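Visitor: Here it is, the structure, as structure tokens.
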Amino acid sequence: MATVDVVSPRTIRARRILKDLSRQELRDLARPGEKTSEYGSPVYSTRVKNRSAKNTYVVANGVPIGVMQQPIDRSKAEETIREVQEALSDMELIQVDRRMGMSPEVPIHCRLYVPREYARIAYMWNSMLFPSDSSKEPDFISVYVPDWKERLIFLDVDQGYTYILGSDYPGEAKKSMLRQAMYWIKRRGGLGLHAGSKVLRVIGPDGELRDVGFLLFGLSGTGKTTLTLHDHGLTEPERAIIKQDDVVLMTADGKAYGTEDGFYIKTEGLEPSQTVLWGAATHPTAVYENIKLDENGKVDFLDTSITSNGRGVVLRKYIRGTGEGIDLEKANKIVFITRRNDVVPVCARLTPEQAAAYFMLGESIETSAGDPTKAGQAKREVGTNPFIVGPEAEEGNRLLAILRANPDMQAYILNTGSIGAKDGFAGEKVSIKASTEIMKQIAKEAIEWETDPDWGYETPKSVPHLDLAKYSPKTYYTAEMYRDLVDKLRAERRAWLAQFPGLDPAIPRAIES
């Protein structure tokens, strides 16, 4: 039994706390564990190489627990905090204060505590958000104890804290703050979204130049980052303007506030041909973990022998195509990126009810970027967001309400996988060129649509500069095979949506023909 009384889960006492350190001071403290790349950027090695979703819990008795979430009893959380606070009292900690977002309308201040010997976590997280200092009262705090006796991560959104125990993976710090922020905006009538954001500045059907805001949802391996950072072949006066890569906070009127200053990129397969990202990835300000480095500091992003989840933080200002701001004035177009391989069309335009349904489905297939042992199997995650707190149905219902109240917002499915897969044929691969062209023509309102009789959504009848013939699912199957695949997929979708009590009945109805 711990002997330290809990003053508050948010009150941290230690033998010494180092505050308001500069970026360089944090790097200096992390120097013992650093290897330096050929570009001058630090590379670190972590013991834990991915998020510990199975060890993450929401404190019960605070908020209702969603279907896909795990509760921890408040008494167990409080007893663990007593033990942690007793351990912290003899430690030297680093305290890092940062701000989330750039807008005064999102005044979110975040504070991270890390043992001094894990300064690399503090350094990486410092690069993700915007400057703040210890004089600001934090909205959220996260406390790391990587050398804890068990791996346990738990959070309380009512009190605004997260304890990260037994893991030294920096992504836990990033997501701990973003998870809290997404619940923060939900309490205010909005919705926190695990999505990238960008603007396509294009000439519309009226011949006028206009900005079209996009939100892009997608599970790991679906191409969300690729499409978020793509320039779509636009030339002045048209252009793509990158806003965010991971999480936005959307208000009830469709404005989408950005959150981060650094992009936490996966490094697997990164090479110079990815011109938009490469400049930032090879800048000295980048910070890396678990990537292959030889004795001379030469980086090999293609070597995944350490892990396929190698990561880096790159500053957005060094990514070509980013604008000065990180907010969208309006999320005009919402795109659900999926990677399926049979009857899901290359693109579909959705009603508000259908959009809420496909948000709840959050579907794709597993790829090597997720779980290689399940590659090719169906995978679903509500909102493509594993960081939801509270009943998932609230999220779908909230999105439906927002779309109904904002008729100038339109949602789409974009399939970045293949069409027509069957025995002996992997399917016709949807190229990046096709996906980026479709997005561009969506912005330009240049696509001709027709209703799909099986699903009720609209699919492209024609897209400028794109031959759609090879992307028609029905051309690859007999009528009986196609019907069987449609029926099987609809049954899977019905079963998935039936898990979520309280879902507006209009949402599951939207997947019927």
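As shown in the structure tokens, the chain order sets the letters A, B, ...; within each chain, residues go from 1, and ligands are also counted from 1 in the order they appear.
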Write out as a PyMOL selection string which residues come within 8 Å of segment 179-192 of chain A when counting only C-alpha atoms, dropping same-chain ones fewer than 6 positions away.
Guide: chain A and resi 108+140+157+160+247-252+387-389+395+398-399
Visitor: Go ahead and dump the residues you just picked, N, CA, C and O atoms, as a PDB file, in the first residue's frame.
Guide:
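File written: result38.pdb
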```pdb
ATOM      1  N   ILE A 108      -6.149  25.597 -25.695  1.00  0.00           N
ATOM      2  CA  ILE A 108      -5.840  24.350 -25.006  1.00  0.00           C
ATOM      3  C   ILE A 108      -4.352  24.307 -24.659  1.00  0.00           C
ATOM      4  O   ILE A 108      -3.495  24.337 -25.547  1.00  0.00           O
ATOM      5  N   PHE A 140      -4.799  19.873 -19.869  1.00  0.00           N
ATOM      6  CA  PHE A 140      -4.539  18.434 -19.811  1.00  0.00           C
ATOM      7  C   PHE A 140      -3.115  18.190 -19.336  1.00  0.00           C
ATOM      8  O   PHE A 140      -2.201  18.939 -19.699  1.00  0.00           O
ATOM      9  N   VAL A 157     -11.204  11.992 -18.540  1.00  0.00           N
ATOM     10  CA  VAL A 157     -11.480  13.220 -19.291  1.00  0.00           C
ATOM     11  C   VAL A 157     -12.168  14.262 -18.426  1.00  0.00           C
ATOM     12  O   VAL A 157     -12.160  15.451 -18.767  1.00  0.00           O
ATOM     13  N   GLY A 160      -8.987  15.577 -16.757  1.00  0.00           N
ATOM     14  CA  GLY A 160      -7.994  16.002 -17.737  1.00  0.00           C
ATOM     15  C   GLY A 160      -6.602  15.447 -17.523  1.00  0.00           C
ATOM     16  O   GLY A 160      -5.612  16.157 -17.742  1.00  0.00           O
ATOM     17  N   VAL A 247      -5.219  15.189 -36.634  1.00  0.00           N
ATOM     18  CA  VAL A 247      -6.420  15.429 -35.834  1.00  0.00           C
ATOM     19  C   VAL A 247      -6.885  16.873 -35.992  1.00  0.00           C
ATOM     20  O   VAL A 247      -6.079  17.805 -35.934  1.00  0.00           O
ATOM     21  N   VAL A 248      -8.184  17.033 -36.215  1.00  0.00           N
ATOM     22  CA  VAL A 248      -8.792  18.358 -36.258  1.00  0.00           C
ATOM     23  C   VAL A 248      -9.982  18.379 -35.306  1.00  0.00           C
ATOM     24  O   VAL A 248     -10.558  17.333 -34.980  1.00  0.00           O
ATOM     25  N   LEU A 249     -10.342  19.573 -34.868  1.00  0.00           N
ATOM     26  CA  LEU A 249     -11.470  19.775 -33.970  1.00  0.00           C
ATOM     27  C   LEU A 249     -12.528  20.571 -34.726  1.00  0.00           C
ATOM     28  O   LEU A 249     -12.344  21.757 -35.005  1.00  0.00           O
ATOM     29  N   MET A 250     -13.626  19.900 -35.097  1.00  0.00           N
ATOM     30  CA  MET A 250     -14.641  20.523 -35.944  1.00  0.00           C
ATOM     31  C   MET A 250     -15.797  21.050 -35.117  1.00  0.00           C
ATOM     32  O   MET A 250     -16.314  20.363 -34.230  1.00  0.00           O
ATOM     33  N   THR A 251     -16.205  22.273 -35.407  1.00  0.00           N
ATOM     34  CA  THR A 251     -17.317  22.900 -34.704  1.00  0.00           C
ATOM     35  C   THR A 251     -18.637  22.528 -35.372  1.00  0.00           C
ATOM     36  O   THR A 251     -18.675  21.947 -36.460  1.00  0.00           O
ATOM     37  N   ALA A 252     -19.735  22.901 -34.719  1.00  0.00           N
ATOM     38  CA  ALA A 252     -21.061  22.568 -35.231  1.00  0.00           C
ATOM     39  C   ALA A 252     -21.354  23.239 -36.568  1.00  0.00           C
ATOM     40  O   ALA A 252     -22.206  22.762 -37.330  1.00  0.00           O
ATOM     41  N   PHE A 387      -9.266   6.677 -30.746  1.00  0.00           N
ATOM     42  CA  PHE A 387      -9.061   7.521 -29.560  1.00  0.00           C
ATOM     43  C   PHE A 387     -10.359   8.161 -29.075  1.00  0.00           C
ATOM     44  O   PHE A 387     -10.347   9.131 -28.327  1.00  0.00           O
ATOM     45  N   ILE A 388     -11.493   7.598 -29.490  1.00  0.00           N
ATOM     46  CA  ILE A 388     -12.791   8.094 -29.024  1.00  0.00           C
ATOM     47  C   ILE A 388     -12.962   7.769 -27.543  1.00  0.00           C
ATOM     48  O   ILE A 388     -12.589   6.696 -27.080  1.00  0.00           O
ATOM     49  N   VAL A 389     -13.536   8.717 -26.812  1.00  0.00           N
ATOM     50  CA  VAL A 389     -13.934   8.493 -25.425  1.00  0.00           C
ATOM     51  C   VAL A 389     -15.438   8.723 -25.331  1.00  0.00           C
ATOM     52  O   VAL A 389     -15.944   9.754 -25.776  1.00  0.00           O
ATOM     53  N   GLU A 395     -20.866   9.933 -31.564  1.00  0.00           N
ATOM     54  CA  GLU A 395     -20.040  10.510 -32.632  1.00  0.00           C
ATOM     55  C   GLU A 395     -20.799  10.499 -33.960  1.00  0.00           C
ATOM     56  O   GLU A 395     -20.825  11.495 -34.686  1.00  0.00           O
ATOM     57  N   ARG A 398     -23.690  12.925 -33.851  1.00  0.00           N
ATOM     58  CA  ARG A 398     -23.224  14.311 -33.913  1.00  0.00           C
ATOM     59  C   ARG A 398     -22.837  14.681 -35.356  1.00  0.00           C
ATOM     60  O   ARG A 398     -23.172  15.774 -35.836  1.00  0.00           O
ATOM     61  N   LEU A 399     -22.126  13.781 -36.046  1.00  0.00           N
ATOM     62  CA  LEU A 399     -21.765  14.072 -37.436  1.00  0.00           C
ATOM     63  C   LEU A 399     -23.014  14.229 -38.299  1.00  0.00           C
ATOM     64  O   LEU A 399     -23.092  15.150 -39.130  1.00  0.00           O
TER      65      LEU A 399
END
```
Visitor: I need the strand (DSSP E or B) residues of segment 45-80 of chain A per DSSP on the backbone, written as a PyMOL selection string.
Guide: chain A and resi 56-59+71-72
Visitor: Could you work out how far atom CA of Tyr144 of chain A lies from atom CA of Leu165 of chain A, giving the answer in Å with one decimal?
Guide: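 Taking atom CA of Leu165 of chain A as the start and atom CA of Tyr144 of chain A as the end point, the length is 5.9 Å.
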Visitor: Can you work out which one of A:Gly297, A:Pro107, A:Gly312, A:Pro237 has the shortest atom-to-atom distance to Pro170 of chain A, counting only C-alpha atoms?
Guide: A:Gly312
Visitor: Find the residues around segment 208-212 of chain A up to 9 Å (only C-alpha atoms counted), leave out those fewer than 2 positions away in its own chain, and share them as a JSON list (two decimals) with C-alpha atoms, in the first residue's frame.
Guide:
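To be explicit, this is the file written out as part-v4.json:
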```json
[["chain", "number", "residue", "atom", "x", "y", "z"],
["A", 198, "LYS", "CA", -6.13, 20.60, -46.72],
["A", 199, "VAL", "CA", -7.46, 23.23, -49.09],
["A", 200, "LEU", "CA", -7.68, 22.85, -52.84],
["A", 201, "ARG", "CA", -7.66, 26.28, -54.44],
["A", 202, "VAL", "CA", -9.27, 25.64, -57.81],
["A", 203, "ILE", "CA", -11.18, 27.32, -60.61],
["A", 204, "GLY", "CA", -14.82, 26.32, -60.20],
["A", 205, "PRO", "CA", -17.56, 25.82, -62.79],
["A", 206, "ASP", "CA", -18.24, 29.57, -62.74],
["A", 214, "PHE", "CA", -11.14, 18.87, -47.36],
["A", 237, "PRO", "CA", -3.20, 30.19, -59.68],
["A", 238, "GLU", "CA", -4.56, 26.84, -58.54],
["A", 330, "LYS", "CA", -15.08, 25.24, -43.67],
["A", 331, "ALA", "CA", -14.82, 21.50, -44.15],
["A", 332, "ASN", "CA", -16.61, 21.62, -47.50],
["A", 333, "LYS", "CA", -15.69, 18.08, -48.51],
["A", 443, "ALA", "CA", -13.30, 20.36, -55.72],
["A", 444, "LYS", "CA", -14.03, 21.68, -59.20]]
```
Visitor: Between A:Val58, A:Ala469, A:Leu270, A:Val313, which one has atoms that come closest to Ile121 of chain A, using only C-alpha atoms?
Guide: A:Val313
Visitor: Quick one: everything within 7 Å of Glu353 of chain A, counting only C-alpha atoms, minus sequence neighbours fewer than 2 positions away in the same chain. Send it as number ranges by chain.
Guide: A: 351, 355-357, 400, 506-507, 510
Visitor: With only C-alpha atoms counted and 8 Å as the cut-off, give the residues of segment 204-317 of chain A in contact with segment 406-428 of chain A, each with its shortest interatomic distance in Å and the pair that gives it, as CSV.
Guide:
```
residue,atom,partner,partner_atom,distance
A:Thr222,CA,A:Thr416,CA,6.5
A:Gly223,CA,A:Thr416,CA,7.1
A:Asp253,CA,A:Asn406,CA,6.7
A:Gly254,CA,A:Asn406,CA,7.2
```
Visitor: Those residues with N, CA, C and O atoms, as a PDB file, in the first residue's frame please?
Guide:
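Output below, filename out.pdb:
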```pdb
ATOM      1  N   THR A 222      -4.015   3.291 -45.698  1.00  0.00           N
ATOM      2  CA  THR A 222      -4.995   3.568 -46.750  1.00  0.00           C
ATOM      3  C   THR A 222      -4.575   4.696 -47.679  1.00  0.00           C
ATOM      4  O   THR A 222      -5.192   4.903 -48.722  1.00  0.00           O
ATOM      5  N   GLY A 223      -3.541   5.442 -47.305  1.00  0.00           N
ATOM      6  CA  GLY A 223      -3.085   6.546 -48.153  1.00  0.00           C
ATOM      7  C   GLY A 223      -3.501   7.915 -47.677  1.00  0.00           C
ATOM      8  O   GLY A 223      -3.386   8.897 -48.413  1.00  0.00           O
ATOM      9  N   ASP A 253     -20.650  24.338 -36.882  1.00  0.00           N
ATOM     10  CA  ASP A 253     -20.883  25.005 -38.168  1.00  0.00           C
ATOM     11  C   ASP A 253     -19.870  24.597 -39.235  1.00  0.00           C
ATOM     12  O   ASP A 253     -19.803  25.215 -40.306  1.00  0.00           O
ATOM     13  N   GLY A 254     -19.065  23.561 -38.961  1.00  0.00           N
ATOM     14  CA  GLY A 254     -18.193  23.006 -39.986  1.00  0.00           C
ATOM     15  C   GLY A 254     -16.814  23.613 -40.076  1.00  0.00           C
ATOM     16  O   GLY A 254     -16.043  23.267 -40.986  1.00  0.00           O
TER      17      GLY A 254
END
```
Visitor: One number please: atom CA of Arg339 of chain A to atom CA of Lys292 of chain A, in Å, one decimal.
Guide: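 Distance between the two atoms: 28.3 Å.
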Visitor: Show me, as an mmCIF file with N, CA, C and O atoms, in the first residue's frame, the residues that have an atom within 7 Å of segment 261-264 of chain A when counting only C-alpha atoms, minus same-chain residues fewer than 6 positions from it.
Guide:
```cif
data_model
loop_
_atom_site.group_PDB
_atom_site.id
_atom_site.type_symbol
_atom_site.label_atom_id
_atom_site.label_comp_id
_atom_site.auth_asym_id
_atom_site.auth_seq_id
_atom_site.Cartn_x
_atom_site.Cartn_y
_atom_site.Cartn_z
ATOM 1 N N SER A 127 8.231 18.973 -30.158
ATOM 2 C CA SER A 127 8.188 19.328 -31.573
ATOM 3 C C SER A 127 6.798 19.204 -32.179
ATOM 4 O O SER A 127 6.568 19.672 -33.292
ATOM 5 N N MET A 128 5.873 18.592 -31.460
ATOM 6 C CA MET A 128 4.564 18.319 -32.049
ATOM 7 C C MET A 128 3.575 19.470 -31.904
ATOM 8 O O MET A 128 2.705 19.651 -32.756
ATOM 9 N N LEU A 129 3.688 20.232 -30.811
ATOM 10 C CA LEU A 129 2.716 21.288 -30.561
ATOM 11 C C LEU A 129 3.384 22.663 -30.615
ATOM 12 O O LEU A 129 4.530 22.798 -31.034
ATOM 13 N N PHE A 130 2.669 23.678 -30.161
ATOM 14 C CA PHE A 130 3.117 25.067 -30.273
ATOM 15 C C PHE A 130 3.635 25.582 -28.926
ATOM 16 O O PHE A 130 3.320 25.038 -27.876
ATOM 17 N N ASP A 245 -2.271 16.769 -40.637
ATOM 18 C CA ASP A 245 -2.136 15.383 -41.083
ATOM 19 C C ASP A 245 -2.866 14.401 -40.178
ATOM 20 O O ASP A 245 -3.062 13.259 -40.562
ATOM 21 N N ARG A 311 9.156 5.850 -36.901
ATOM 22 C CA ARG A 311 8.429 7.120 -36.846
ATOM 23 C C ARG A 311 9.384 8.306 -36.843
ATOM 24 O O ARG A 311 10.548 8.194 -36.481
ATOM 25 N N GLY A 312 8.841 9.450 -37.215
ATOM 26 C CA GLY A 312 9.585 10.693 -37.132
ATOM 27 C C GLY A 312 8.642 11.857 -36.927
ATOM 28 O O GLY A 312 7.471 11.800 -37.316
ATOM 29 N N VAL A 313 9.132 12.897 -36.284
ATOM 30 C CA VAL A 313 8.387 14.151 -36.179
ATOM 31 C C VAL A 313 9.052 15.147 -37.116
ATOM 32 O O VAL A 313 10.244 15.437 -36.979
ATOM 33 N N VAL A 314 8.280 15.635 -38.089
ATOM 34 C CA VAL A 314 8.792 16.656 -39.000
ATOM 35 C C VAL A 314 7.963 17.920 -38.807
ATOM 36 O O VAL A 314 6.756 17.855 -38.591
ATOM 37 N N LEU A 315 8.629 19.058 -38.843
ATOM 38 C CA LEU A 315 7.929 20.330 -38.647
ATOM 39 C C LEU A 315 7.182 20.704 -39.919
ATOM 40 O O LEU A 315 7.735 20.672 -41.018
ATOM 41 N N ARG A 316 5.925 21.106 -39.743
ATOM 42 C CA ARG A 316 5.076 21.357 -40.904
ATOM 43 C C ARG A 316 5.591 22.508 -41.757
ATOM 44 O O ARG A 316 5.386 22.526 -42.964
#
```
Visitor: Between atom CA of Cys110 of chain A and atom CA of Asp97 of chain A, what is the spacing in Å?
Guide: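 Separation between atom CA of Asp97 of chain A and atom CA of Cys110 of chain A: 5.8 Å.
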Visitor: Find the spatial neighbours of Pro453 of chain A, counting only C-alpha atoms, within a cut-off of 12 Å - ignore same-chain residues fewer than 5 positions away - and output them as a PyMOL selection string.
Guide: chain A and resi 458-459+474+483+486+511-513
Visitor: Show me, as a PyMOL selection string, the residues that have an atom within 9 Å of segment 131-138 of chain A when counting only C-alpha atoms, minus same-chain residues fewer than 4 positions from it.
Guide: chain A and resi 19-20+95-100+108-111+126+160
Visitor: Would you save the residues from that selection as a short mmCIF file (atom, residue, chain, number, x, y, z; two decimals), in the first residue's frame, using C-alpha atoms?
Guide:
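Output file out_7.cif follows:
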```cif
data_model
loop_
_atom_site.label_atom_id
_atom_site.label_comp_id
_atom_site.auth_asym_id
_atom_site.auth_seq_id
_atom_site.Cartn_x
_atom_site.Cartn_y
_atom_site.Cartn_z
CA LYS A 19 10.71 23.54 -16.47
CA ASP A 20 10.62 25.81 -19.52
CA GLN A 95 8.03 19.31 -17.38
CA VAL A 96 7.12 20.41 -20.91
CA ASP A 97 4.35 22.92 -21.54
CA ARG A 98 2.92 23.30 -25.04
CA ARG A 99 -0.16 24.73 -26.68
CA MET A 100 -2.47 22.84 -28.99
CA ILE A 108 -5.84 24.35 -25.01
CA HIS A 109 -2.68 24.14 -22.90
CA CYS A 110 -0.96 20.79 -22.35
CA ARG A 111 1.65 19.67 -19.82
CA ASN A 126 7.96 19.36 -27.76
CA GLY A 160 -7.99 16.00 -17.74
#
```
Visitor: So, with only C-alpha atoms as the atoms that count, which of A:Val143, A:Val43, A:Leu403, A:Cys347 lies closest to Lys298 of chain A?
Guide: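 Closest to Lys298 of chain A of all the choices is A:Val43.
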Visitor: So which bits of segment 201-403 of chain A end up alpha helix (DSSP H) when you DSSP the backbone, as number ranges by chain?
Guide: A: 224-228, 275-281, 352-361, 392-403
Visitor: For Glu271 of chain A, which of A:Ala240, A:Val299, A:Ala393, A:Ile319 is the closest residue, counting only C-alpha atoms?
Guide: A:Val299
Visitor: Go through segment 147-234 of chain A and flag each residue having an atom no more than 12 Å from segment 64-68 of chain A; for those, report the closest pair of atoms plus their distance in Å to one decimal, using only C-alpha atoms, ordered by chain and rising number, as JSON lines.
Guide:
```
{"residue": "A:Leu155", "atom": "CA", "partner": "A:Ile65", "partner_atom": "CA", "distance": 11.9}
{"residue": "A:Asp156", "atom": "CA", "partner": "A:Ile65", "partner_atom": "CA", "distance": 11.3}
{"residue": "A:Val157", "atom": "CA", "partner": "A:Pro64", "partner_atom": "CA", "distance": 10.9}
{"residue": "A:Asp158", "atom": "CA", "partner": "A:Pro64", "partner_atom": "CA", "distance": 11.4}
```
